[in-house]
$ cat model17.cif   # mmCIF, C-alpha atoms and all ligand atoms
data_protein
#
loop_
_atom_site.group_PDB
_atom_site.id
_atom_site.type_symbol
_atom_site.label_atom_id
_atom_site.label_comp_id
_atom_site.auth_asym_id
_atom_site.auth_seq_id
_atom_site.Cartn_x
_atom_site.Cartn_y
_atom_site.Cartn_z
ATOM 1 C CA MET A 666 0.000 0.000 0.000
ATOM 2 C CA MET A 667 1.808 3.016 -1.294
ATOM 3 C CA MET A 668 0.782 5.501 1.382
ATOM 4 C CA LEU A 669 1.235 3.326 4.424
ATOM 5 C CA PRO A 670 4.959 3.035 5.035
ATOM 6 C CA ASP A 671 4.556 2.605 8.796
ATOM 7 C CA VAL A 672 1.998 -0.115 8.345
ATOM 8 C CA ALA A 673 4.075 -1.781 5.638
ATOM 9 C CA VAL A 674 7.102 -1.903 7.924
ATOM 10 C CA LYS A 675 5.028 -3.316 10.748
ATOM 11 C CA MET A 676 3.607 -5.926 8.437
ATOM 12 C CA THR A 677 7.001 -7.226 7.361
ATOM 13 C CA GLU A 678 8.293 -7.299 10.918
ATOM 14 C CA SER A 679 5.505 -9.088 12.592
ATOM 15 C CA LEU A 680 3.650 -11.448 10.314
ATOM 16 C CA LYS A 681 3.396 -13.922 13.133
ATOM 17 C CA SER A 682 -0.199 -14.898 13.397
ATOM 18 C CA ALA A 683 -3.458 -14.412 11.605
ATOM 19 C CA SER A 684 -4.651 -12.135 14.377
ATOM 20 C CA VAL A 685 -1.635 -9.864 14.017
ATOM 21 C CA ILE A 686 -2.111 -9.759 10.265
ATOM 22 C CA PHE A 687 -5.740 -8.997 10.797
ATOM 23 C CA VAL A 688 -5.099 -6.124 13.171
ATOM 24 C CA LEU A 689 -2.609 -4.607 10.739
ATOM 25 C CA LEU A 690 -4.853 -5.154 7.794
ATOM 26 C CA VAL A 691 -7.761 -3.491 9.498
ATOM 27 C CA THR A 692 -5.499 -0.637 10.523
ATOM 28 C CA ALA A 693 -4.703 -0.226 6.856
ATOM 29 C CA LEU A 694 -8.383 -0.362 6.062
ATOM 30 C CA ALA A 695 -9.039 2.268 8.670
ATOM 31 C CA TYR A 696 -6.613 4.529 6.888
ATOM 32 C CA THR A 697 -7.760 3.955 3.357
ATOM 33 C CA GLY A 698 -11.472 3.681 3.947
ATOM 34 C CA ALA A 699 -11.577 1.428 0.907
ATOM 35 C CA GLN A 700 -14.189 -0.594 2.686
ATOM 36 C CA ALA A 701 -17.653 0.672 3.210
ATOM 37 C CA ASP A 702 -18.360 -0.735 6.608
ATOM 38 C CA SER A 703 -14.903 -1.954 7.206
ATOM 39 C CA THR A 704 -12.891 -2.872 10.192
ATOM 40 C CA GLY A 705 -9.992 -1.223 11.953
ATOM 41 C CA THR A 706 -8.585 0.198 15.121
ATOM 42 C CA THR A 707 -6.603 3.380 14.908
ATOM 43 C CA PRO A 708 -6.032 5.779 12.061
ATOM 44 C CA ASP A 709 -2.410 6.786 11.560
ATOM 45 C CA SER A 710 -1.121 10.320 11.623
ATOM 46 C CA PRO A 711 0.703 11.524 8.528
ATOM 47 C CA ALA A 712 3.670 13.695 9.377
ATOM 48 C CA THR A 713 2.338 16.853 7.814
ATOM 49 C CA GLN A 714 4.121 19.809 9.358
ATOM 50 C CA ALA A 715 2.370 22.974 10.339
ATOM 51 C CA GLU A 716 3.851 26.046 8.781
ATOM 52 C CA THR A 717 3.774 29.600 9.914
ATOM 53 C CA ALA A 718 2.312 31.610 7.063
ATOM 54 C CA SER A 719 -1.205 32.900 7.388
ATOM 55 C CA ALA A 720 -4.231 31.209 5.863
ATOM 56 C CA PRO A 721 -5.600 32.790 2.709
ATOM 57 C CA ALA A 722 -8.715 34.842 2.937
ATOM 58 C CA ALA A 723 -11.130 33.164 0.587
ATOM 59 C CA PRO A 724 -14.445 34.918 0.913
ATOM 60 C CA ASP A 725 -16.398 34.026 -2.171
ATOM 61 C CA THR A 726 -19.983 33.761 -3.205
ATOM 62 C CA HIS A 727 -19.419 30.998 -5.750
ATOM 63 C CA PRO A 728 -21.825 28.139 -4.843
ATOM 64 C CA ILE A 729 -18.868 25.737 -4.670
ATOM 65 C CA PHE A 730 -17.870 27.426 -1.399
ATOM 66 C CA SER A 731 -20.855 25.723 0.248
ATOM 67 C CA LEU A 732 -18.615 22.602 0.211
ATOM 68 C CA ASP A 733 -16.016 24.279 2.435
ATOM 69 C CA HIS A 734 -15.879 22.408 5.781
ATOM 70 C CA ARG A 735 -12.282 22.239 6.981
ATOM 71 C CA VAL A 736 -12.386 19.285 9.359
ATOM 72 C CA PRO A 737 -10.969 15.743 9.200
ATOM 73 C CA GLY A 738 -13.334 14.004 6.779
ATOM 74 C CA GLY A 739 -14.284 17.360 5.262
ATOM 75 C CA VAL A 740 -13.378 19.525 2.303
ATOM 76 C CA ALA A 741 -11.372 22.731 1.889
ATOM 77 C CA VAL A 742 -12.385 24.997 -0.979
ATOM 78 C CA ILE A 743 -9.621 27.462 -1.782
ATOM 79 C CA ASP A 744 -9.695 30.401 -4.164
ATOM 80 C CA LEU A 745 -6.485 30.239 -6.218
ATOM 81 C CA GLY A 746 -7.015 33.581 -7.955
ATOM 82 C CA ARG A 747 -6.732 34.232 -11.664
ATOM 83 C CA SER A 748 -4.279 32.727 -14.080
ATOM 84 C CA PRO A 749 -4.382 32.062 -17.825
ATOM 85 C CA THR A 750 -3.827 28.326 -17.376
ATOM 86 C CA ARG A 751 -5.174 25.816 -14.862
ATOM 87 C CA PRO A 752 -2.873 25.646 -11.824
ATOM 88 C CA SER A 753 -1.874 22.194 -10.619
ATOM 89 C CA VAL A 754 -2.399 21.655 -6.914
ATOM 90 C CA ALA A 755 -1.145 18.910 -4.596
ATOM 91 C CA PHE A 756 -2.210 18.040 -1.046
ATOM 92 C CA GLN A 757 -0.252 15.406 0.882
ATOM 93 C CA ASN A 758 1.574 14.747 -2.417
ATOM 94 C CA LYS A 759 -1.614 13.872 -4.285
ATOM 95 C CA PRO A 760 -3.168 15.835 -7.144
ATOM 96 C CA VAL A 761 -6.216 17.924 -6.248
ATOM 97 C CA LEU A 762 -9.405 18.854 -8.116
ATOM 98 C CA VAL A 763 -9.254 22.358 -9.625
ATOM 99 C CA ILE A 764 -12.198 23.960 -11.403
ATOM 100 C CA PRO A 765 -12.583 27.341 -13.122
ATOM 101 C CA ASP A 766 -14.837 30.017 -11.653
ATOM 102 C CA GLN A 767 -16.764 32.401 -13.904
ATOM 103 C CA SER A 768 -14.225 35.214 -13.839
ATOM 104 C CA GLY A 769 -10.983 33.675 -15.070
ATOM 105 C CA GLY A 770 -10.052 32.386 -11.638
ATOM 106 C CA TRP A 771 -9.543 28.874 -10.312
ATOM 107 C CA ILE A 772 -10.832 27.034 -7.255
ATOM 108 C CA ALA A 773 -9.181 24.034 -5.550
ATOM 109 C CA ILE A 774 -11.468 21.487 -3.877
ATOM 110 C CA ILE A 775 -9.425 19.460 -1.411
ATOM 111 C CA GLY A 776 -10.452 16.270 0.360
ATOM 112 C CA ILE A 777 -9.278 16.098 3.998
ATOM 113 C CA SER A 778 -9.042 12.472 5.187
ATOM 114 C CA LEU A 779 -10.262 11.466 8.641
ATOM 115 C CA SER A 780 -6.645 10.767 9.605
ATOM 116 C CA THR A 781 -5.489 14.319 8.808
ATOM 117 C CA PRO A 782 -4.544 16.075 12.071
ATOM 118 C CA ALA A 783 -6.593 19.113 13.054
ATOM 119 C CA MET A 784 -3.887 21.744 12.597
ATOM 120 C CA GLN A 785 -2.536 23.992 9.895
ATOM 121 C CA GLN A 786 -2.212 22.191 6.559
ATOM 122 C CA SER A 787 -0.903 23.344 3.218
ATOM 123 C CA VAL A 788 -1.292 22.777 -0.495
ATOM 124 C CA GLU A 789 1.331 23.264 -3.181
ATOM 125 C CA VAL A 790 0.139 25.321 -6.145
ATOM 126 C CA LYS A 791 2.088 25.263 -9.419
ATOM 127 C CA ASN A 792 1.434 27.706 -12.202
ATOM 128 C CA ASP A 793 3.607 27.438 -15.308
ATOM 129 C CA ALA A 794 6.915 28.752 -14.018
ATOM 130 C CA ASN A 795 6.177 29.545 -10.393
ATOM 131 C CA SER A 796 4.966 27.627 -7.385
ATOM 132 C CA ARG A 797 3.596 28.695 -4.014
ATOM 133 C CA THR A 798 2.238 27.229 -0.816
ATOM 134 C CA ILE A 799 -1.196 28.046 0.539
ATOM 135 C CA HIS A 800 -1.948 27.266 4.161
ATOM 136 C CA PHE A 801 -5.293 26.479 5.682
ATOM 137 C CA GLU A 802 -6.474 25.508 9.116
ATOM 138 C CA VAL A 803 -8.177 22.151 9.778
ATOM 139 C CA GLN A 804 -10.474 22.285 12.827
ATOM 140 C CA ASP A 805 -11.202 19.309 15.040
ATOM 141 C CA LYS A 806 -14.479 17.435 14.666
ATOM 142 C CA LYS A 807 -15.848 14.888 17.115
ATOM 143 C CA TYR A 808 -17.526 11.884 15.552
ATOM 144 C CA LYS A 809 -19.949 9.729 17.515
ATOM 145 C CA GLU A 810 -19.739 6.013 18.246
ATOM 146 C CA GLN A 811 -21.952 3.406 16.666
ATOM 147 C CA ARG A 812 -22.375 -0.178 17.883
ATOM 148 C CA LEU A 813 -23.606 -2.836 15.475
ATOM 149 C CA THR A 814 -24.323 -6.528 15.816
ATOM 150 C CA ILE A 815 -23.339 -8.765 12.919
ATOM 151 C CA LYS A 816 -24.738 -12.316 12.953
ATOM 152 C CA ASN A 817 -22.111 -13.682 10.570
ATOM 153 C CA THR A 818 -19.084 -13.506 12.894
ATOM 154 C CA ARG A 819 -16.738 -14.214 9.977
ATOM 155 C CA GLN A 820 -17.639 -10.731 8.740
ATOM 156 C CA VAL A 821 -16.210 -9.337 11.983
ATOM 157 C CA ASN A 822 -13.248 -11.707 12.380
ATOM 158 C CA PRO A 823 -12.538 -13.124 8.908
ATOM 159 C CA ASN A 824 -10.573 -16.374 8.566
ATOM 160 C CA SER A 825 -7.217 -16.528 6.769
ATOM 161 C CA GLY A 826 -8.831 -17.359 3.419
ATOM 162 C CA ASP A 827 -11.171 -14.406 3.825
ATOM 163 C CA LEU A 828 -8.213 -12.145 4.658
ATOM 164 C CA LYS A 829 -6.496 -13.111 1.430
ATOM 165 C CA ARG A 830 -9.615 -12.247 -0.509
ATOM 166 C CA ILE A 831 -10.105 -8.994 1.451
ATOM 167 C CA ASN A 832 -6.541 -7.916 0.717
ATOM 168 C CA THR A 833 -6.897 -8.514 -3.036
ATOM 169 C CA GLU A 834 -10.180 -6.640 -3.084
ATOM 170 C CA LEU A 835 -8.674 -3.797 -1.084
ATOM 171 C CA LYS A 836 -5.895 -3.342 -3.637
ATOM 172 C CA ALA A 837 -8.375 -3.096 -6.518
ATOM 173 C CA GLN A 838 -10.526 -0.599 -4.652
ATOM 174 C CA ASN A 839 -7.586 1.527 -3.495
ATOM 175 C CA SER A 840 -6.300 1.735 -7.024
ATOM 176 C CA ALA A 841 -9.753 2.861 -8.209
ATOM 177 C CA TYR A 842 -9.641 5.675 -5.627
ATOM 178 C CA GLN A 843 -6.145 6.728 -6.696
ATOM 179 C CA GLN A 844 -7.031 7.380 -10.330
ATOM 180 C CA PHE A 845 -6.737 10.979 -11.472
ATOM 181 C CA THR A 846 -8.111 11.779 -14.913
ATOM 182 C CA GLN A 847 -7.954 15.274 -16.392
ATOM 183 C CA ILE A 848 -11.712 15.365 -17.018
ATOM 184 C CA GLU A 849 -13.590 18.187 -15.307
ATOM 185 C CA PRO A 850 -16.555 16.969 -13.233
ATOM 186 C CA SER A 851 -19.984 17.842 -14.690
ATOM 187 C CA ASN A 852 -21.025 19.072 -11.218
ATOM 188 C CA VAL A 853 -19.421 18.932 -7.793
ATOM 189 C CA ILE A 854 -22.607 19.751 -5.911
ATOM 190 C CA PHE A 855 -24.239 16.350 -6.246
ATOM 191 C CA ASP A 856 -27.756 15.043 -6.685
ATOM 192 C CA LYS A 857 -28.762 12.457 -4.072
ATOM 193 C CA PRO A 858 -28.079 8.963 -5.439
ATOM 194 C CA VAL A 859 -31.371 7.671 -3.971
ATOM 195 C CA GLU A 860 -34.478 9.271 -2.562
ATOM 196 C CA GLY A 861 -34.869 8.090 0.987
ATOM 197 C CA PRO A 862 -33.942 8.759 4.600
ATOM 198 C CA HIS A 863 -30.318 9.046 5.587
ATOM 199 C CA SER A 864 -29.734 6.362 8.217
ATOM 200 C CA SER A 865 -26.072 6.403 9.207
ATOM 201 C CA SER A 866 -23.522 9.191 8.988
ATOM 202 C CA PHE A 867 -19.962 9.403 7.785
ATOM 203 C CA GLY A 868 -17.158 9.153 10.352
ATOM 204 C CA LEU A 869 -18.969 7.183 13.062
ATOM 205 C CA LYS A 870 -16.515 5.294 15.259
ATOM 206 C CA ARG A 871 -17.695 1.751 14.780
ATOM 207 C CA PHE A 872 -17.851 -1.285 16.989
ATOM 208 C CA PHE A 873 -18.959 -4.574 15.459
ATOM 209 C CA ASN A 874 -20.063 -7.116 18.071
ATOM 210 C CA GLY A 875 -18.232 -4.963 20.610
ATOM 211 C CA GLU A 876 -14.947 -4.836 18.666
ATOM 212 C CA ALA A 877 -13.504 -1.549 17.399
ATOM 213 C CA ARG A 878 -13.312 -1.310 13.618
ATOM 214 C CA ALA A 879 -12.654 1.429 11.058
ATOM 215 C CA PRO A 880 -14.764 4.559 11.130
ATOM 216 C CA HIS A 881 -17.699 4.682 8.732
ATOM 217 C CA SER A 882 -16.228 5.809 5.412
ATOM 218 C CA GLY A 883 -19.468 6.944 3.805
ATOM 219 C CA MET A 884 -23.129 7.628 4.468
ATOM 220 C CA ASP A 885 -26.045 5.219 4.439
ATOM 221 C CA PHE A 886 -29.545 5.607 3.082
ATOM 222 C CA ALA A 887 -32.250 3.311 4.434
ATOM 223 C CA VAL A 888 -34.016 2.342 1.234
ATOM 224 C CA ALA A 889 -35.568 -0.921 0.103
ATOM 225 C CA THR A 890 -33.942 -3.579 -2.040
ATOM 226 C CA GLY A 891 -34.567 -2.761 -5.693
ATOM 227 C CA THR A 892 -34.518 1.036 -5.309
ATOM 228 C CA PRO A 893 -32.712 2.501 -8.345
ATOM 229 C CA ILE A 894 -29.401 4.288 -7.669
ATOM 230 C CA HIS A 895 -28.673 7.347 -9.803
ATOM 231 C CA ALA A 896 -25.261 8.753 -10.699
ATOM 232 C CA PRO A 897 -25.045 12.084 -8.804
ATOM 233 C CA ALA A 898 -22.903 13.541 -11.607
ATOM 234 C CA ALA A 899 -21.650 12.345 -14.976
ATOM 235 C CA GLY A 900 -18.806 9.841 -14.823
ATOM 236 C CA THR A 901 -17.159 6.658 -16.015
ATOM 237 C CA VAL A 902 -17.522 3.276 -14.318
ATOM 238 C CA THR A 903 -13.989 2.254 -13.323
ATOM 239 C CA LEU A 904 -14.575 -0.801 -11.131
ATOM 240 C CA THR A 905 -17.343 -3.215 -10.241
ATOM 241 C CA GLY A 906 -17.201 -6.340 -8.116
ATOM 242 C CA ASN A 907 -18.672 -8.508 -5.417
ATOM 243 C CA TYR A 908 -16.619 -7.816 -2.310
ATOM 244 C CA PHE A 909 -16.376 -9.467 1.095
ATOM 245 C CA PHE A 910 -17.459 -6.419 3.097
ATOM 246 C CA ASN A 911 -18.980 -4.150 0.464
ATOM 247 C CA GLY A 912 -21.003 -6.742 -1.453
ATOM 248 C CA ASN A 913 -21.916 -5.766 -5.008
ATOM 249 C CA THR A 914 -20.090 -2.515 -5.617
ATOM 250 C CA VAL A 915 -19.740 0.144 -8.321
ATOM 251 C CA PHE A 916 -17.041 2.828 -8.579
ATOM 252 C CA VAL A 917 -17.669 5.947 -10.688
ATOM 253 C CA ASP A 918 -14.890 8.360 -11.671
ATOM 254 C CA HIS A 919 -16.270 11.892 -12.109
ATOM 255 C CA GLY A 920 -12.891 13.384 -13.036
ATOM 256 C CA GLN A 921 -9.818 14.836 -11.318
ATOM 257 C CA GLY A 922 -9.902 12.433 -8.385
ATOM 258 C CA LEU A 923 -13.580 12.945 -7.545
ATOM 259 C CA ILE A 924 -14.723 9.343 -7.190
ATOM 260 C CA THR A 925 -17.883 7.812 -5.757
ATOM 261 C CA MET A 926 -18.611 4.238 -4.622
ATOM 262 C CA TYR A 927 -21.955 2.446 -4.155
ATOM 263 C CA CYS A 928 -22.129 -0.726 -2.008
ATOM 264 C CA HIS A 929 -24.354 -3.647 -1.000
ATOM 265 C CA LEU A 930 -26.241 -3.558 -4.326
ATOM 266 C CA SER A 931 -28.712 -6.274 -5.267
ATOM 267 C CA VAL A 932 -28.117 -5.532 -8.961
ATOM 268 C CA ILE A 933 -25.110 -3.940 -10.649
ATOM 269 C CA GLY A 934 -26.575 -2.235 -13.711
ATOM 270 C CA VAL A 935 -23.362 -1.077 -15.391
ATOM 271 C CA LYS A 936 -19.989 -2.417 -16.479
ATOM 272 C CA VAL A 937 -16.455 -1.068 -16.378
ATOM 273 C CA GLY A 938 -15.957 1.546 -19.101
ATOM 274 C CA ASP A 939 -19.591 2.652 -19.213
ATOM 275 C CA VAL A 940 -19.935 6.428 -19.472
ATOM 276 C CA LEU A 941 -22.814 7.600 -17.295
ATOM 277 C CA LYS A 942 -24.869 10.732 -17.671
ATOM 278 C CA ARG A 943 -25.833 12.688 -14.566
ATOM 279 C CA GLY A 944 -28.871 10.921 -13.134
ATOM 280 C CA GLN A 945 -28.366 7.648 -15.009
ATOM 281 C CA VAL A 946 -29.247 4.490 -13.065
ATOM 282 C CA LEU A 947 -26.171 2.422 -12.148
ATOM 283 C CA GLY A 948 -27.768 -0.349 -10.104
ATOM 284 C CA GLN A 949 -30.257 -1.232 -7.408
ATOM 285 C CA VAL A 950 -30.089 -1.101 -3.624
ATOM 286 C CA GLY A 951 -29.582 -4.434 -1.849
ATOM 287 C CA ALA A 952 -28.185 -6.169 1.219
ATOM 288 C CA THR A 953 -25.045 -7.902 -0.094
ATOM 289 C CA GLY A 954 -21.784 -7.972 1.915
ATOM 290 C CA ARG A 955 -21.564 -7.018 5.589
ATOM 291 C CA VAL A 956 -24.896 -5.415 6.392
ATOM 292 C CA THR A 957 -27.581 -5.449 9.035
ATOM 293 C CA GLY A 958 -30.278 -4.870 6.396
ATOM 294 C CA ALA A 959 -30.920 -3.375 2.942
ATOM 295 C CA HIS A 960 -29.418 0.067 2.448
ATOM 296 C CA LEU A 961 -27.194 2.059 0.143
ATOM 297 C CA HIS A 962 -23.718 2.806 1.432
ATOM 298 C CA TRP A 963 -22.254 5.727 -0.523
ATOM 299 C CA ASN A 964 -18.647 6.924 -0.439
ATOM 300 C CA VAL A 965 -17.229 10.124 -1.878
ATOM 301 C CA SER A 966 -13.477 10.477 -2.379
ATOM 302 C CA LEU A 967 -11.370 13.495 -3.331
ATOM 303 C CA ASN A 968 -7.601 13.246 -3.865
ATOM 304 C CA ASP A 969 -7.810 9.698 -2.470
ATOM 305 C CA ALA A 970 -9.347 10.935 0.795
ATOM 306 C CA ARG A 971 -12.724 9.576 1.820
ATOM 307 C CA VAL A 972 -14.832 12.569 2.824
ATOM 308 C CA ASP A 973 -18.336 13.126 4.169
ATOM 309 C CA PRO A 974 -20.811 12.629 1.280
ATOM 310 C CA ALA A 975 -23.346 14.790 3.150
ATOM 311 C CA ILE A 976 -21.222 17.814 2.211
ATOM 312 C CA PHE A 977 -21.984 17.303 -1.477
ATOM 313 C CA ILE A 978 -25.769 17.112 -1.079
ATOM 314 C CA GLY A 979 -26.222 20.016 1.350
ATOM 315 C CA MET A 980 -26.706 17.777 4.417
ATOM 316 C CA PHE A 981 -23.457 18.408 6.322
ATOM 317 C CA LYS A 982 -23.774 18.728 10.091
ATOM 318 C CA PRO A 983 -20.868 20.335 11.963
HETATM 319 ZN ZN ZN A 1001 -22.410 2.350 5.423
#

$ encode --input "model17.cif" --output "structure tokens"
Amino acid sequence: MMMLPDVAVKMTESLKSASVIFVLLVTALAYTGAQADSTGTTPDSPATQAETASAPAAPDTHPIFSLDHRVPGGVAVIDLGRSPTRPSVAFQNKPVLVIPDQSGGWIAIIGISLSTPAMQQSVEVKNDANSRTIHFEVQDKKYKEQRLTIKNTRQVNPNSGDLKRINTELKAQNSAYQQFTQIEPSNVIFDKPVEGPHSSSFGLKRFFNGEARAPHSGMDFAVATGTPIHAPAAGTVTLTGNYFFNGNTVFVDHGQGLITMYCHLSVIGVKVGDVLKRGQVLGQVGATGRVTGAHLHWNVSLNDARVDPAIFIGMFKP
């Protein structure tokens, strides 16, 4: 796993028992959030240094600024000012979504992973010949606990064969999240993928059968099996599969690292390479994988950081 050097080192040093492997694996899962309702103990803390320059003032009335919630699991929207060409922006060494505003300026939309420390952070901005650093402050956010009971105990403590499968599936899903295409998203303020009540929030600290696992990497909608799921923006299907935790799953790439994932489907209605229009049906809600009942689990990822989907549909709660 490219961004987990500490975990990788630990894994090579101490592959002593299935339980050790499992703990490390779930720690990795906790970091990547590749799994919808996945397992894990503690997120790591990337060694991002605070710097001393002041944060940019970015007052703006552009509707995109409604996405700006600078917390772990949130989004920072930063006005980059005007330039004739699109600046390239990197956060934690990963490329960031940049869109034009209506006046010749550019806006960076940065995903802040749950494991990002609440402190000053910075992005690197490159523009033709010159480069600069913009700082921004990430505020702390407290996420609640959630305790769930899973009847199939193998879905809480998988056996060694399961772990092999989980690891392979994790690699495929992580690589889907890491794609960065130069396509500009059709819209970054999303439509809801299903009509129905929101049942479980992003970021909940989860306990399955009393055991600590990874925080909830997306949001859930309590909707019946068979409910059609609509693409919240145009995109390309980059991965589908039937996964141990996530069940039937679809990944959609909306462009420039803005990627969404839909889990526990009863029916996958698309195939890899399909180009979806905004609103197009991609599958049906179900109860496959590790679930306590039928629902849609929906992830949103920016620059390979899983962020709160509620932000993109106007439902964010501080
Ligand atoms: Zn979920």

$ closest_residue --input "model17.cif" --among "A:Asn795, A:Thr905, A:Gln785, A:Ser864" --to "Gly958 of chain A" --atoms "all atoms listed in the file"
A:Ser864

$ atom_distance --input "model17.cif" --atom1 "atom CA of Ala877 of chain A" --atom2 "atom CA of Arg812 of chain A"
9.0 Å

$ residues_near_ligand --input "model17.cif" --ligand "ligand ZN 1001 (chain A)" --cutoff "8 Å" --atoms "only C-alpha atoms and all ligand atoms" --output "PDB file with C-alpha atoms, in the coordinates of the input"
ATOM      1  CA  ALA A 701     -17.653   0.672   3.210  1.00  0.00           C
ATOM      2  CA  ASP A 702     -18.360  -0.735   6.608  1.00  0.00           C
ATOM      3  CA  SER A 865     -26.072   6.403   9.207  1.00  0.00           C
ATOM      4  CA  SER A 866     -23.522   9.191   8.988  1.00  0.00           C
ATOM      5  CA  PHE A 867     -19.962   9.403   7.785  1.00  0.00           C
ATOM      6  CA  HIS A 881     -17.699   4.682   8.732  1.00  0.00           C
ATOM      7  CA  SER A 882     -16.228   5.809   5.412  1.00  0.00           C
ATOM      8  CA  GLY A 883     -19.468   6.944   3.805  1.00  0.00           C
ATOM      9  CA  MET A 884     -23.129   7.628   4.468  1.00  0.00           C
ATOM     10  CA  ASP A 885     -26.045   5.219   4.439  1.00  0.00           C
ATOM     11  CA  HIS A 960     -29.418   0.067   2.448  1.00  0.00           C
ATOM     12  CA  LEU A 961     -27.194   2.059   0.143  1.00  0.00           C
ATOM     13  CA  HIS A 962     -23.718   2.806   1.432  1.00  0.00           C
ATOM     14  CA  TRP A 963     -22.254   5.727  -0.523  1.00  0.00           C
TER      15      TRP A 963
END

$ closest_residue --input "model17.cif" --among "A:Gly875, A:Pro897, A:Gly891, A:Pro782" --to "Glu810 of chain A" --atoms "only C-alpha atoms"
A:Gly875

$ resolve_selection --input "model17.cif" --expression "the PyMOL selection byres (((chain A and resi 786) around 7) and not hetatm)" --output "PyMOL selection string"
chain A and resi 715+784-785+787+800-803

$ residues_around --input "model17.cif" --residues "segment 971-976 of chain A" --least-positions-apart "5" --cutoff "6 Å" --atoms "all atoms listed in the file" --output "list in words"
Leu732, Gly738, Gly739, Ser778, Phe867, Val965, Ser966 and Phe981 of chain A

$ closest_residue --input "model17.cif" --among "A:Ala887, A:Leu869, A:Leu835, A:Ala970" --to "Thr781 of chain A" --atoms "all atoms listed in the file"
A:Ala970

$ atom_distance --input "model17.cif" --atom1 "atom CA of Ser931 of chain A" --atom2 "atom CA of Lys816 of chain A"
19.6 Å

$ closest_residue --input "model17.cif" --among "A:His734, A:Lys942, A:His929, A:Arg747" --to "Thr957 of chain A" --atoms "all atoms listed in the file"
A:His929

$ resolve_selection --input "model17.cif" --expression "the PyMOL selection byres (((chain A and resi 768) around 12) and not hetatm)" --output "PDB file with C-alpha atoms, keeping the file's coordinate frame"
ATOM      1  CA  ASP A 725     -16.398  34.026  -2.171  1.00  0.00           C
ATOM      2  CA  HIS A 727     -19.419  30.998  -5.750  1.00  0.00           C
ATOM      3  CA  ASP A 744      -9.695  30.401  -4.164  1.00  0.00           C
ATOM      4  CA  LEU A 745      -6.485  30.239  -6.218  1.00  0.00           C
ATOM      5  CA  GLY A 746      -7.015  33.581  -7.955  1.00  0.00           C
ATOM      6  CA  ARG A 747      -6.732  34.232 -11.664  1.00  0.00           C
ATOM      7  CA  SER A 748      -4.279  32.727 -14.080  1.00  0.00           C
ATOM      8  CA  PRO A 749      -4.382  32.062 -17.825  1.00  0.00           C
ATOM      9  CA  ILE A 764     -12.198  23.960 -11.403  1.00  0.00           C
ATOM     10  CA  PRO A 765     -12.583  27.341 -13.122  1.00  0.00           C
ATOM     11  CA  ASP A 766     -14.837  30.017 -11.653  1.00  0.00           C
ATOM     12  CA  GLN A 767     -16.764  32.401 -13.904  1.00  0.00           C
ATOM     13  CA  GLY A 769     -10.983  33.675 -15.070  1.00  0.00           C
ATOM     14  CA  GLY A 770     -10.052  32.386 -11.638  1.00  0.00           C
ATOM     15  CA  TRP A 771      -9.543  28.874 -10.312  1.00  0.00           C
ATOM     16  CA  ILE A 772     -10.832  27.034  -7.255  1.00  0.00           C
TER      17      ILE A 772
END
